[in-house]
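Undergrad: To be precise about what I am sending: the file is called query-v8.cif and holds mmCIF, C-alpha atoms.
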```
data_coords
loop_
_atom_site.label_atom_id
_atom_site.label_comp_id
_atom_site.auth_asym_id
_atom_site.auth_seq_id
_atom_site.Cartn_x
_atom_site.Cartn_y
_atom_site.Cartn_z
CA MET A 1 -19.97 -2.37 83.30
CA PRO A 2 -16.63 -2.88 81.47
CA ASN A 3 -13.28 -2.12 83.03
CA SER A 4 -9.91 -1.49 81.46
CA SER A 5 -8.82 -5.13 81.80
CA SER A 6 -11.77 -6.29 79.68
CA ILE A 7 -11.35 -3.69 76.90
CA SER A 8 -9.39 -5.06 73.95
CA GLU A 9 -10.23 -2.24 71.52
CA PHE A 10 -11.65 1.26 71.30
CA LEU A 11 -14.20 2.62 68.84
CA LEU A 12 -13.16 5.87 67.19
CA LEU A 13 -15.62 8.51 66.03
CA ALA A 14 -16.96 7.88 62.53
CA LEU A 15 -16.45 10.92 60.32
CA ALA A 16 -19.58 10.11 58.26
CA ASP A 17 -22.66 7.90 58.42
CA THR A 18 -23.10 7.01 54.74
CA ARG A 19 -20.71 4.94 52.64
CA GLN A 20 -20.42 7.64 49.98
CA LEU A 21 -19.33 10.26 52.52
CA GLN A 22 -16.90 7.84 54.11
CA LEU A 23 -15.20 7.28 50.74
CA LEU A 24 -15.21 11.03 50.13
CA HIS A 25 -13.51 11.56 53.50
CA PHE A 26 -10.97 8.86 52.64
CA TRP A 27 -9.93 10.57 49.39
CA LEU A 28 -9.89 13.99 51.07
CA LEU A 29 -7.68 12.74 53.91
CA LEU A 30 -5.46 10.90 51.44
CA GLY A 31 -4.93 14.09 49.45
CA ILE A 32 -4.08 16.04 52.60
CA TYR A 33 -1.72 13.30 53.79
CA LEU A 34 0.13 13.10 50.46
CA ALA A 35 0.45 16.91 50.36
CA ALA A 36 1.95 16.88 53.88
CA LEU A 37 4.35 14.06 52.97
CA LEU A 38 5.46 15.85 49.81
CA GLY A 39 5.92 19.28 51.40
CA ASN A 40 7.72 18.15 54.53
CA GLY A 41 9.70 15.56 52.59
CA LEU A 42 10.96 18.20 50.17
CA ILE A 43 11.98 20.54 52.99
CA SER A 44 13.75 17.75 54.89
CA THR A 45 15.62 16.63 51.78
CA ALA A 46 16.52 20.17 50.75
CA VAL A 47 17.93 21.09 54.17
CA ALA A 48 19.79 17.79 54.52
CA CYS A 49 21.34 17.90 51.04
CA ASP A 50 22.16 21.60 50.65
CA HIS A 51 25.25 22.51 52.69
CA ARG A 52 24.30 26.21 52.50
CA LEU A 53 21.29 25.45 54.69
CA HIS A 54 23.30 23.81 57.47
CA THR A 55 22.65 26.69 59.85
CA PRO A 56 20.73 26.65 63.16
CA MET A 57 17.54 28.09 61.66
CA TYR A 58 17.35 25.46 58.92
CA VAL A 59 18.41 22.62 61.24
CA PHE A 60 15.49 23.55 63.49
CA LEU A 61 13.27 23.71 60.41
CA LEU A 62 14.43 20.21 59.46
CA ASN A 63 13.45 18.99 62.92
CA LEU A 64 10.08 20.70 62.57
CA ALA A 65 9.44 19.01 59.20
CA LEU A 66 10.30 15.60 60.66
CA LEU A 67 7.97 16.20 63.60
CA ASP A 68 5.19 17.27 61.24
CA LEU A 69 5.65 14.10 59.22
CA GLY A 70 5.43 12.02 62.38
CA CYS A 71 2.41 13.92 63.74
CA ILE A 72 0.24 13.53 60.68
CA SER A 73 1.38 9.92 60.16
CA THR A 74 0.21 9.09 63.68
CA THR A 75 -3.41 10.13 63.14
CA LEU A 76 -4.42 10.14 59.47
CA PRO A 77 -3.51 6.61 58.25
CA LYS A 78 -5.77 4.96 60.84
CA ALA A 79 -8.59 7.43 60.12
CA MET A 80 -8.23 6.73 56.40
CA ALA A 81 -8.20 2.95 56.94
CA ASN A 82 -11.35 3.15 59.09
CA ALA A 83 -13.13 5.26 56.46
CA LEU A 84 -12.06 2.94 53.64
CA TRP A 85 -12.92 -0.33 55.39
CA HIS A 86 -16.08 0.99 57.07
CA THR A 87 -14.91 0.34 60.62
CA ARG A 88 -14.25 2.31 63.80
CA ALA A 89 -12.04 -0.09 65.74
CA ILE A 90 -8.53 0.49 67.03
CA SER A 91 -6.82 -1.98 69.35
CA TYR A 92 -6.04 -1.11 72.97
CA ALA A 93 -2.31 -1.27 72.24
CA GLY A 94 -2.80 0.70 69.02
CA CYS A 95 -4.67 3.42 70.90
CA ALA A 96 -1.95 3.65 73.55
CA THR A 97 0.71 3.80 70.83
CA GLN A 98 -1.19 6.55 69.01
CA VAL A 99 -1.52 8.59 72.21
CA PHE A 100 2.18 8.18 72.99
CA PHE A 101 3.51 9.17 69.58
CA PHE A 102 1.08 12.02 68.98
CA LEU A 103 1.74 13.55 72.41
CA PHE A 104 5.49 13.02 72.03
CA LEU A 105 5.64 14.60 68.57
CA PHE A 106 3.20 17.41 69.30
CA SER A 107 4.83 18.47 72.59
CA THR A 108 8.31 18.23 71.06
CA GLU A 109 7.13 20.46 68.22
CA TYR A 110 5.86 23.05 70.67
CA TYR A 111 9.16 23.04 72.55
CA LEU A 112 10.97 23.35 69.22
CA LEU A 113 8.84 26.35 68.26
CA THR A 114 9.95 27.95 71.53
CA ILE A 115 13.60 27.35 70.61
CA MET A 116 13.00 28.72 67.11
CA SER A 117 11.55 31.91 68.59
CA TYR A 118 14.73 32.25 70.67
CA ASP A 119 16.80 31.68 67.52
CA ARG A 120 14.93 34.47 65.72
CA TYR A 121 15.27 36.72 68.79
CA ALA A 122 19.04 36.17 68.93
CA THR A 123 19.38 36.70 65.16
CA ILE A 124 17.57 40.02 65.09
CA CYS A 125 18.00 41.47 68.58
CA LYS A 126 21.45 40.09 69.52
CA PRO A 127 23.28 39.66 66.19
CA LEU A 128 26.74 40.33 67.62
CA HIS A 129 26.25 37.62 70.27
CA TYR A 130 24.50 35.08 68.02
CA GLY A 131 27.56 32.86 67.63
CA THR A 132 27.96 32.69 71.40
CA LEU A 133 24.28 32.17 72.19
CA LEU A 134 23.53 29.68 69.42
CA GLY A 135 26.65 27.84 68.39
CA SER A 136 26.51 24.37 66.85
CA ARG A 137 26.80 22.65 70.21
CA ALA A 138 24.16 24.87 71.82
CA CYS A 139 21.73 24.22 68.96
CA ALA A 140 22.27 20.45 69.14
CA THR A 141 21.80 20.54 72.92
CA MET A 142 18.56 22.52 72.69
CA ALA A 143 17.15 20.30 69.93
CA ALA A 144 18.03 17.19 71.94
CA ALA A 145 16.44 18.73 75.04
CA ALA A 146 13.22 19.38 73.10
CA TRP A 147 13.05 15.77 71.90
CA GLY A 148 13.94 14.44 75.35
CA ALA A 149 11.34 16.60 77.08
CA GLY A 150 8.76 15.41 74.54
CA VAL A 151 9.55 11.77 75.29
CA LEU A 152 9.38 12.31 79.06
CA ASN A 153 6.11 14.22 78.81
CA SER A 154 4.56 11.54 76.61
CA VAL A 155 5.70 8.63 78.77
CA LEU A 156 4.24 10.21 81.91
CA HIS A 157 0.87 11.03 80.34
CA THR A 158 0.48 7.77 78.42
CA ALA A 159 1.43 5.55 81.35
CA ASN A 160 -0.81 7.47 83.73
CA THR A 161 -3.79 7.57 81.35
CA PHE A 162 -3.77 3.88 80.44
CA SER A 163 -3.31 2.80 84.05
CA LEU A 164 -6.74 4.24 84.86
CA PRO A 165 -9.72 1.87 85.17
CA LEU A 166 -12.22 2.47 82.37
CA CYS A 167 -15.86 2.05 83.36
CA HIS A 168 -17.80 3.97 80.72
CA GLY A 169 -17.45 1.87 77.61
CA ASN A 170 -14.88 2.07 74.84
CA ALA A 171 -16.29 4.68 72.43
CA VAL A 172 -13.87 7.57 71.87
CA ASP A 173 -15.54 10.77 70.61
CA GLN A 174 -12.64 11.67 68.33
CA PHE A 175 -11.17 10.42 65.04
CA PHE A 176 -7.95 9.50 66.86
CA CYS A 177 -7.11 8.49 70.42
CA GLU A 178 -6.83 11.62 72.55
CA ILE A 179 -6.23 11.80 76.30
CA PRO A 180 -9.22 14.04 77.20
CA GLN A 181 -11.58 11.65 75.40
CA ILE A 182 -10.11 8.60 77.15
CA LEU A 183 -10.44 10.34 80.52
CA LYS A 184 -14.17 10.59 79.87
CA LEU A 185 -14.27 6.77 79.94
CA SER A 186 -12.48 6.46 83.28
CA CYS A 187 -14.17 5.74 86.59
CA SER A 188 -15.25 8.57 88.86
CA GLN A 189 -12.39 10.21 90.78
CA SER A 190 -9.84 7.88 89.16
CA TYR A 191 -8.71 10.50 86.66
CA LEU A 192 -7.75 13.23 89.14
CA LYS A 193 -4.06 12.28 89.06
CA GLU A 194 -3.96 12.65 85.27
CA ILE A 195 -5.86 15.94 85.53
CA SER A 196 -3.15 17.22 87.88
CA LEU A 197 -0.48 16.15 85.39
CA LEU A 198 -2.38 17.88 82.58
CA VAL A 199 -2.56 21.08 84.62
CA PHE A 200 1.21 20.94 85.10
CA SER A 201 1.71 20.41 81.35
CA ILE A 202 -0.64 23.26 80.50
CA THR A 203 1.32 25.50 82.88
CA LEU A 204 4.55 24.51 81.15
CA VAL A 205 3.04 25.14 77.71
CA SER A 206 1.76 28.51 78.92
CA GLY A 207 5.28 29.38 79.99
CA CYS A 208 6.56 28.42 76.53
CA PHE A 209 3.86 30.54 74.93
CA ALA A 210 4.76 33.50 77.15
CA PHE A 211 8.42 33.15 76.11
CA ILE A 212 7.44 32.92 72.42
CA LEU A 213 5.24 35.97 72.76
CA PHE A 214 7.96 37.94 74.55
CA SER A 215 10.53 36.95 71.92
CA TYR A 216 8.41 38.07 69.00
CA VAL A 217 7.37 41.31 70.70
CA GLN A 218 11.07 42.13 71.07
CA ILE A 219 11.68 41.11 67.46
CA PHE A 220 8.87 43.32 66.20
CA ARG A 221 10.18 46.28 68.18
CA ALA A 222 13.71 45.76 66.84
CA VAL A 223 12.52 45.29 63.27
CA LEU A 224 10.34 48.39 63.35
CA ARG A 225 13.37 50.38 64.47
CA MET A 226 15.79 48.89 61.92
CA MET A 227 13.48 48.39 58.93
CA PRO A 228 11.01 51.23 58.61
CA SER A 229 10.05 50.33 55.04
CA GLU A 230 6.71 48.65 54.42
CA GLN A 231 8.37 45.72 52.66
CA GLY A 232 10.73 45.06 55.55
CA ARG A 233 7.93 45.13 58.08
CA HIS A 234 5.82 42.75 56.04
CA LYS A 235 8.67 40.27 55.81
CA ALA A 236 9.39 40.40 59.52
CA PHE A 237 5.79 39.94 60.57
CA SER A 238 5.44 36.82 58.43
CA ILE A 239 7.27 34.81 61.14
CA THR A 240 4.18 34.77 63.34
CA ASP A 241 2.44 32.09 61.26
CA PHE A 242 3.28 29.47 63.86
CA LEU A 243 0.51 30.86 66.08
CA ALA A 244 -1.93 28.69 64.11
CA TYR A 245 -0.87 25.93 66.49
CA LEU A 246 -2.72 27.38 69.44
CA LYS A 247 -5.85 25.44 70.37
CA PRO A 248 -8.70 27.10 72.27
CA HIS A 249 -9.05 25.66 75.74
CA SER A 250 -12.83 26.06 75.97
CA LEU A 251 -14.73 23.77 73.64
CA VAL A 252 -18.50 24.10 73.63
CA SER A 253 -19.58 21.06 71.61
CA PRO A 254 -18.27 17.68 70.37
CA SER A 255 -18.51 18.87 66.76
CA LEU A 256 -16.39 21.93 67.57
CA ASP A 257 -13.96 19.65 69.43
CA LEU A 258 -13.65 17.53 66.28
CA VAL A 259 -13.08 20.56 64.06
CA VAL A 260 -10.47 22.10 66.40
CA SER A 261 -8.67 18.75 66.79
CA PHE A 262 -8.53 18.44 63.02
CA LEU A 263 -7.17 21.98 62.75
CA TYR A 264 -4.35 21.50 65.26
CA SER A 265 -3.41 17.92 64.32
CA VAL A 266 -3.76 17.93 60.52
CA VAL A 267 -3.68 21.48 59.14
CA PRO A 268 -0.31 22.72 60.56
CA PRO A 269 1.74 19.73 59.28
CA THR A 270 0.18 20.28 55.86
CA LEU A 271 0.60 24.05 55.69
CA ASN A 272 3.95 24.45 57.47
CA PRO A 273 6.04 23.67 54.37
CA LEU A 274 4.17 26.35 52.44
CA ILE A 275 4.35 28.86 55.30
CA TYR A 276 8.07 28.46 55.93
CA SER A 277 9.11 28.38 52.28
CA MET A 278 6.79 31.04 50.85
CA ARG A 279 9.08 33.99 51.70
CA ASN A 280 12.37 32.13 52.06
CA GLN A 281 14.30 32.37 48.82
CA GLU A 282 17.19 30.15 49.94
CA LEU A 283 14.82 27.33 50.85
CA LYS A 284 12.83 27.74 47.63
CA ASP A 285 16.04 27.57 45.60
CA ALA A 286 17.11 24.40 47.41
CA VAL A 287 13.69 22.78 46.83
CA ARG A 288 13.80 23.72 43.13
CA LYS A 289 17.26 22.19 42.91
CA ILE A 290 16.00 18.93 44.43
CA MET A 291 12.97 18.86 42.10
CA SER A 292 15.04 19.62 38.99
CA TRP A 293 17.54 16.91 39.95
CA THR A 294 14.69 14.44 40.44
CA HIS A 295 13.21 15.40 37.07
CA PHE A 296 16.61 15.02 35.38
CA SER A 297 17.17 11.62 36.99
CA ARG A 298 13.72 10.45 35.87
CA ASP A 299 14.31 11.59 32.28
CA LYS A 300 17.72 9.92 32.25
CA LEU A 301 16.18 6.68 33.54
CA LEU A 302 13.49 6.78 30.83
CA ILE A 303 16.10 7.35 28.12
CA CYS A 304 18.08 4.35 29.37
CA LEU A 305 14.98 2.16 29.40
CA TYR A 306 14.05 3.05 25.82
CA LYS A 307 17.56 2.43 24.44
#
```
In structure tokens, write the structure found in this file.
TA:
Amino acid sequence: MPNSSSISEFLLLALADTRQLQLLHFWLLLGIYLAALLGNGLISTAVACDHRLHTPMYVFLLNLALLDLGCISTTLPKAMANALWHTRAISYAGCATQVFFFLFLFSTEYYLLTIMSYDRYATICKPLHYGTLLGSRACATMAAAAWGAGVLNSVLHTANTFSLPLCHGNAVDQFFCEIPQILKLSCSQSYLKEISLLVFSITLVSGCFAFILFSYVQIFRAVLRMMPSEQGRHKAFSITDFLAYLKPHSLVSPSLDLVVSFLYSVVPPTLNPLIYSMRNQELKDAVRKIMSWTHFSRDKLLICLYK
């Protein structure tokens, strides 16, 4: 029976059994990954380069885009490499690194969504006090706190998880290293400490969710009072798209677990740029400006090369 000291690598879940399906999955994941890189890259560049977007809401959106880039870059490249090279292996250190960065980025993103809900609440419900509640220093402090809390949360979980003795093989029933799947490999009773830490984290996340829910309920009430028109209501309610992040806590089968993990780890980073720019004219204008500048620079370069 293997233990953690004898395990040098883990075996991730194969997304397909046949070579043709593996290559199909590779191209599908590559397309999703490139779309996420393009969308989040454009938003990050637009916010960073356009001085009109240097406001708290867009600074938080820049942070969200960077976190999305990190999240999807933590999971998909390894899954694509395994599908392309017909392998399932990931090193012990690579698995620990993947767990650390995914948990760090994902938890930081959730904390950031909580701050963004507070930003929207202050904008709509407390407009006269917005400058006091969310000044430049306050925004920087809250963003730094979200990143710091994400690091602390990830360090605690990663260190605790990979200090457990593993007695049930090295096959992980997921396409990336995930703490619940690694706990299934641990020895009996040895995982109770990590379970307690997970319960604490879930309680904290539940508190964040309750705050987000409260904030948006107050926003909806304020908007319905101030903007009775159908168009105004539709625009206000569009801010609830972030709820796609929520993952059901009760999973009934490994296949459902795989699907849900794909939905919460891959889909949001890909769709967030579309969601947050679809009804935001300022952001769309900034992105168009970046794209037109890139197109102009490319044409100018081609003209110089042909001279």
Undergrad: Using the chain letters and numbers from this file, what does the PyMOL selection byres ((chain A and resi 73-82) around 10) select? Give the answer as a ChimeraX atom specification.
TA: /A:12-15,22-23,25-30,32-33,36-37,67-72,83-90,94,97-103,105,175-177,262,265-266,269
Undergrad: Do you know which residues the PyMOL selection byres ((chain A and resi 185) around 9) returns on this file, as number ranges by chain?
TA: A: 165-172, 181-184, 186-187
Undergrad: Could you tell me how far atom CA of A:Phe211 lies from atom CA of A:Ala146, in Å and to one decimal?
TA: 14.9 Å
Undergrad: Which is closer to A:Glu9 than all the others in A:Thr55, A:Ser91, A:Ser261, A:Ser215, using all atoms listed in the file?
TA: A:Ser91
Undergrad: Within 9 Å of A:Asn63, counting only C-alpha atoms, which residues qualify if same-chain residues fewer than 4 places away don't, as a compact mmCIF listing (two decimals) with C-alpha atoms, keeping the file's coordinate frame?
TA:
```txt
# COMPACT_ATOMS: atom_id res chain seq x y z
CA SER A 44 13.75 17.75 54.89
CA TYR A 58 17.35 25.46 58.92
CA VAL A 59 18.41 22.62 61.24
CA LEU A 67 7.97 16.20 63.60
CA ASP A 68 5.19 17.27 61.24
CA GLU A 109 7.13 20.46 68.22
CA LEU A 112 10.97 23.35 69.22
CA ALA A 143 17.15 20.30 69.93
```
Undergrad: Applying the PyMOL selection byres ((chain A and resi 289) around 12) to the file I just gave you, which residues come out? Please list them as number ranges by chain.
TA: A: 42-43, 45-47, 49-50, 282-288, 290-296
Undergrad: At what distance in Å, to one decimal, does atom CA of A:Tyr92 lie from atom CA of A:Asn160?
TA: 14.7 Å
Undergrad: What gap, in Å, lies between atom CA of A:Lys126 and atom CA of A:Pro56?
TA: 14.9 Å
Undergrad: When distances are computed from all atoms listed in the file, which of A:Leu197, A:Cys95, A:Leu192, A:Leu61 shows the smallest separation from A:Gly41?
TA: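 Selected residue with least distance to A:Gly41: A:Leu61.
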Undergrad: Using all atoms listed in the file and a cutoff of 9 Å, can you tell me which residues are near (17.2, 39.2, 70.2) in the file's coordinates, and write them out as a short mmCIF file (atom, residue, chain, number, x, y, z; two decimals) with C-alpha atoms, keeping the file's coordinate frame?
TA:
```cif
data_model
loop_
_atom_site.label_atom_id
_atom_site.label_comp_id
_atom_site.auth_asym_id
_atom_site.auth_seq_id
_atom_site.Cartn_x
_atom_site.Cartn_y
_atom_site.Cartn_z
CA TYR A 118 14.73 32.25 70.67
CA ASP A 119 16.80 31.68 67.52
CA ARG A 120 14.93 34.47 65.72
CA TYR A 121 15.27 36.72 68.79
CA ALA A 122 19.04 36.17 68.93
CA THR A 123 19.38 36.70 65.16
CA ILE A 124 17.57 40.02 65.09
CA CYS A 125 18.00 41.47 68.58
CA LYS A 126 21.45 40.09 69.52
CA PRO A 127 23.28 39.66 66.19
CA TYR A 130 24.50 35.08 68.02
CA SER A 215 10.53 36.95 71.92
CA TYR A 216 8.41 38.07 69.00
CA GLN A 218 11.07 42.13 71.07
CA ILE A 219 11.68 41.11 67.46
CA ALA A 222 13.71 45.76 66.84
#
```
Undergrad: List as a compact mmCIF listing (two decimals) with C-alpha atoms, in the frame of the given file the protein and nucleic acid residues near A:Leu198, meaning an atom at most 8 Å away when all atoms listed in the file are counted, but skip any in the same chain fewer than 4 places from it.
TA:
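Resulting contents of out.txt:
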```txt
# COMPACT_ATOMS: atom_id res chain seq x y z
CA HIS A 157 0.87 11.03 80.34
CA GLU A 194 -3.96 12.65 85.27
CA ILE A 202 -0.64 23.26 80.50
```
Undergrad: Tell me which of A:Ser107, A:Ala96, A:Gln281, A:Ile275 sits closest to A:Gly39, counting all atoms listed in the file.
TA: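 For A:Gly39, the nearest of the candidates is A:Ile275.
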Undergrad: Let me have the centre and edge lengths in Å, one decimal, of the box along x, y and z around every listed atom of stretch 23-41 of chain A with 5 Å of margin on each side, as lines of an AutoDock Vina configuration file.
TA:
```
center_x = -2.8
center_y = 13.3
center_z = 52.0
size_x = 34.9
size_y = 22.0
size_z = 15.1
```
Undergrad: Please, could all heavy atoms be added to stretch 256-267 of chain A and the result written as a CSV table (one decimal), keeping the file's coordinate frame?
TA:
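For reference, rebuild-v1.csv as written:
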```csv
chain,number,residue,atom,x,y,z
A,256,LEU,N,-17.4,20.9,67.5
A,256,LEU,CA,-16.4,21.9,67.6
A,256,LEU,C,-15.1,21.3,68.0
A,256,LEU,O,-14.0,21.6,67.5
A,256,LEU,CB,-16.8,23.1,68.5
A,256,LEU,CG,-15.8,24.2,68.6
A,256,LEU,CD1,-15.5,24.9,67.3
A,256,LEU,CD2,-16.2,25.3,69.6
A,257,ASP,N,-15.1,20.4,69.0
A,257,ASP,CA,-14.0,19.6,69.4
A,257,ASP,C,-13.3,18.9,68.3
A,257,ASP,O,-12.1,18.9,68.1
A,257,ASP,CB,-14.3,18.7,70.5
A,257,ASP,CG,-13.1,18.1,71.2
A,257,ASP,OD1,-12.0,18.7,71.1
A,257,ASP,OD2,-13.3,17.1,72.0
A,258,LEU,N,-14.2,18.3,67.4
A,258,LEU,CA,-13.6,17.5,66.3
A,258,LEU,C,-13.0,18.5,65.3
A,258,LEU,O,-11.9,18.2,64.8
A,258,LEU,CB,-14.8,16.8,65.6
A,258,LEU,CG,-14.5,16.0,64.3
A,258,LEU,CD1,-13.4,14.9,64.6
A,258,LEU,CD2,-15.7,15.4,63.7
A,259,VAL,N,-13.6,19.6,65.0
A,259,VAL,CA,-13.1,20.6,64.1
A,259,VAL,C,-11.7,21.1,64.6
A,259,VAL,O,-10.8,21.2,63.8
A,259,VAL,CB,-14.1,21.7,63.8
A,259,VAL,CG1,-13.4,22.8,63.0
A,259,VAL,CG2,-15.3,21.2,63.1
A,260,VAL,N,-11.7,21.5,65.8
A,260,VAL,CA,-10.5,22.1,66.4
A,260,VAL,C,-9.4,21.1,66.4
A,260,VAL,O,-8.2,21.4,66.1
A,260,VAL,CB,-10.7,22.7,67.8
A,260,VAL,CG1,-9.4,23.1,68.5
A,260,VAL,CG2,-11.7,23.8,67.7
A,261,SER,N,-9.7,19.8,66.8
A,261,SER,CA,-8.7,18.8,66.8
A,261,SER,C,-8.1,18.5,65.4
A,261,SER,O,-6.9,18.3,65.2
A,261,SER,CB,-9.3,17.5,67.3
A,261,SER,OG,-9.6,17.6,68.7
A,262,PHE,N,-9.0,18.6,64.4
A,262,PHE,CA,-8.5,18.4,63.0
A,262,PHE,C,-7.6,19.6,62.6
A,262,PHE,O,-6.6,19.4,62.0
A,262,PHE,CB,-9.7,18.4,62.1
A,262,PHE,CG,-9.4,18.1,60.6
A,262,PHE,CD1,-9.2,16.8,60.2
A,262,PHE,CD2,-9.2,19.2,59.7
A,262,PHE,CE1,-8.9,16.6,58.9
A,262,PHE,CE2,-8.9,18.9,58.4
A,262,PHE,CZ,-8.7,17.6,58.0
A,263,LEU,N,-8.0,20.8,63.1
A,263,LEU,CA,-7.2,22.0,62.8
A,263,LEU,C,-5.8,21.9,63.4
A,263,LEU,O,-4.8,22.3,62.7
A,263,LEU,CB,-7.9,23.2,63.2
A,263,LEU,CG,-9.1,23.6,62.4
A,263,LEU,CD1,-9.8,24.9,63.0
A,263,LEU,CD2,-8.8,23.9,60.9
A,264,TYR,N,-5.7,21.5,64.6
A,264,TYR,CA,-4.4,21.5,65.3
A,264,TYR,C,-3.5,20.2,65.0
A,264,TYR,O,-2.3,20.3,65.1
A,264,TYR,CB,-4.5,21.8,66.8
A,264,TYR,CG,-4.7,20.6,67.6
A,264,TYR,CD1,-3.8,19.7,68.0
A,264,TYR,CD2,-6.0,20.3,68.1
A,264,TYR,CE1,-4.0,18.6,68.8
A,264,TYR,CE2,-6.3,19.2,68.9
A,264,TYR,CZ,-5.3,18.4,69.3
A,264,TYR,OH,-5.6,17.3,70.1
A,265,SER,N,-4.2,19.2,64.6
A,265,SER,CA,-3.4,17.9,64.3
A,265,SER,C,-3.1,17.7,62.8
A,265,SER,O,-2.2,16.9,62.5
A,265,SER,CB,-4.2,16.7,64.9
A,265,SER,OG,-5.4,16.5,64.2
A,266,VAL,N,-3.9,18.2,61.9
A,266,VAL,CA,-3.8,17.9,60.5
A,266,VAL,C,-3.3,19.1,59.7
A,266,VAL,O,-2.4,19.1,58.9
A,266,VAL,CB,-5.1,17.4,59.9
A,266,VAL,CG1,-5.0,17.2,58.4
A,266,VAL,CG2,-5.4,16.0,60.6
A,267,VAL,N,-3.9,20.3,60.0
A,267,VAL,CA,-3.7,21.5,59.1
A,267,VAL,C,-2.2,22.0,59.3
A,267,VAL,O,-1.6,22.2,58.2
A,267,VAL,CB,-4.7,22.6,59.5
A,267,VAL,CG1,-4.3,23.9,58.7
A,267,VAL,CG2,-6.1,22.1,59.1
```
